[in-house]
Amino acid sequence: MDDSFDESLEFTLTEEGGYTDHPTEPRLATNHGITLARLRRFLRDPGLGRDDVRHVPCATVRALYLADFWNRTRCDALPPGIDLMVFDHAVNAGPDRAGRALQLACGQKRSEIDGAVGPDTLGRVALSDSLTLLDALTAMQRTGYRQTAAYTLFGENWLARLDRRRTKALELMAAEEPLSRR
């Protein structure tokens, strides 16, 4: 599959925004959607502080998103548009949740769902119609957001982001359509 990591990353970074360190945010300092705890884990440096998050280099941001979200959810093996849906959802809700939503959307039995995007999931994705899969994935992500404890605080924003994510996914799908089908 065509790798659209850079386009997906651009979308996600726009959604995540810049540096925040609001006292009511339980994750504390965040920049480009990267928390201090995640940056410490990724760089294996427990001594990092808020200024390290504030001034995290773009190359580190890219490498972290590639390793912790894109590669972990096998977005490189997903069709254009679906890759963005899974990647941005992984960033926003966690890679395991994003993997489970994809598994449900492509028809895996609940008893088989583990959140890990592996050969069975990828095989089911390959057999799916991309637009049908997009609709199912959107529905699974919407349901997942509504089931979280923080929905009352952040739900409207999450659902608005999901709608923007779906719109961008449709753009990516259309760009990949063969000219003969347009």
# chains A, B, ... in the order shown; residues from 1 in each chain; ligands from 1

$ residues_around --residues "Leu28 (chain A)" --least-positions-apart "5" --cutoff "12 Å" --atoms "only C-alpha atoms" --output "VMD selection string"
chain A and resid 19 to 23 33 to 38 49 to 50 53 to 54

$ write_last_selection --atoms "N, CA and C atoms" --output "PDB file, in the first residue's frame"
ATOM      1  N   TYR A  19       2.079  23.600  22.183  1.00  0.00           N
ATOM      2  CA  TYR A  19       2.396  23.383  23.593  1.00  0.00           C
ATOM      3  C   TYR A  19       1.236  23.795  24.497  1.00  0.00           C
ATOM      4  N   THR A  20       0.900  22.906  25.428  1.00  0.00           N
ATOM      5  CA  THR A  20      -0.083  23.220  26.471  1.00  0.00           C
ATOM      6  C   THR A  20       0.431  22.681  27.800  1.00  0.00           C
ATOM      7  N   ASP A  21       0.120  23.397  28.824  1.00  0.00           N
ATOM      8  CA  ASP A  21       0.491  22.959  30.171  1.00  0.00           C
ATOM      9  C   ASP A  21      -0.558  23.513  31.121  1.00  0.00           C
ATOM     10  N   HIS A  22      -1.787  23.107  30.878  1.00  0.00           N
ATOM     11  CA  HIS A  22      -2.923  23.608  31.652  1.00  0.00           C
ATOM     12  C   HIS A  22      -3.028  22.851  32.971  1.00  0.00           C
ATOM     13  N   PRO A  23      -3.293  23.565  34.065  1.00  0.00           N
ATOM     14  CA  PRO A  23      -3.335  22.908  35.381  1.00  0.00           C
ATOM     15  C   PRO A  23      -4.416  21.833  35.515  1.00  0.00           C
ATOM     16  N   GLY A  33       0.801  17.012  20.809  1.00  0.00           N
ATOM     17  CA  GLY A  33       0.113  15.807  21.253  1.00  0.00           C
ATOM     18  C   GLY A  33       0.992  14.829  22.014  1.00  0.00           C
ATOM     19  N   ILE A  34       2.225  15.190  22.234  1.00  0.00           N
ATOM     20  CA  ILE A  34       3.169  14.310  22.929  1.00  0.00           C
ATOM     21  C   ILE A  34       3.275  14.755  24.381  1.00  0.00           C
ATOM     22  N   THR A  35       2.961  13.841  25.272  1.00  0.00           N
ATOM     23  CA  THR A  35       3.051  14.153  26.697  1.00  0.00           C
ATOM     24  C   THR A  35       4.481  13.988  27.185  1.00  0.00           C
ATOM     25  N   LEU A  36       4.739  14.600  28.319  1.00  0.00           N
ATOM     26  CA  LEU A  36       6.059  14.460  28.933  1.00  0.00           C
ATOM     27  C   LEU A  36       6.363  12.991  29.221  1.00  0.00           C
ATOM     28  N   ALA A  37       5.386  12.252  29.737  1.00  0.00           N
ATOM     29  CA  ALA A  37       5.602  10.834  30.043  1.00  0.00           C
ATOM     30  C   ALA A  37       5.953  10.039  28.793  1.00  0.00           C
ATOM     31  N   ARG A  38       5.247  10.292  27.688  1.00  0.00           N
ATOM     32  CA  ARG A  38       5.539   9.568  26.442  1.00  0.00           C
ATOM     33  C   ARG A  38       6.925   9.930  25.918  1.00  0.00           C
ATOM     34  N   GLY A  49      12.157  17.231  31.303  1.00  0.00           N
ATOM     35  CA  GLY A  49      11.176  18.090  31.957  1.00  0.00           C
ATOM     36  C   GLY A  49      10.284  18.812  30.961  1.00  0.00           C
ATOM     37  N   ARG A  50       9.488  19.714  31.485  1.00  0.00           N
ATOM     38  CA  ARG A  50       8.530  20.459  30.663  1.00  0.00           C
ATOM     39  C   ARG A  50       9.206  21.219  29.524  1.00  0.00           C
ATOM     40  N   VAL A  53       9.716  19.052  26.528  1.00  0.00           N
ATOM     41  CA  VAL A  53       8.485  18.875  25.739  1.00  0.00           C
ATOM     42  C   VAL A  53       8.237  20.138  24.923  1.00  0.00           C
ATOM     43  N   ARG A  54       8.373  21.264  25.553  1.00  0.00           N
ATOM     44  CA  ARG A  54       8.119  22.543  24.865  1.00  0.00           C
ATOM     45  C   ARG A  54       9.000  22.703  23.630  1.00  0.00           C
TER      46      ARG A  54
END

$ select_by_dssp --residues "chain A" --states "strand (DSSP E)" --output "tab-separated table (two decimals) with C-alpha atoms, in the first residue's frame"
chain	number	residue	atom	x	y	z
A	30	THR	CA	2.02	18.35	26.06
A	31	ASN	CA	3.40	19.51	22.73
A	34	ILE	CA	3.17	14.31	22.93
A	35	THR	CA	3.05	14.15	26.70

$ residues_around --residues "region 129-143 of chain A" --least-positions-apart "3" --cutoff "7 Å" --atoms "only C-alpha atoms" --output "list in words"
Ile82, Ala101, Leu102, Ala105, Cys106, Arg146, Gln147 and Leu159 of chain A

$ select_by_dssp --residues "region 66-160 of chain A" --states "helix (DSSP H, G or I)" --output "PyMOL selection string"
chain A and resi 66-71+75-77+82-93+95-105+110-112+119-127+130-146+151-160

$ atom_distance --atom1 "CA of Trp70 (chain A)" --atom2 "CA of Leu153 (chain A)"
27.0 Å

$ atom_distance --atom1 "CA of Ala77 (chain A)" --atom2 "CA of Leu39 (chain A)"
25.9 Å
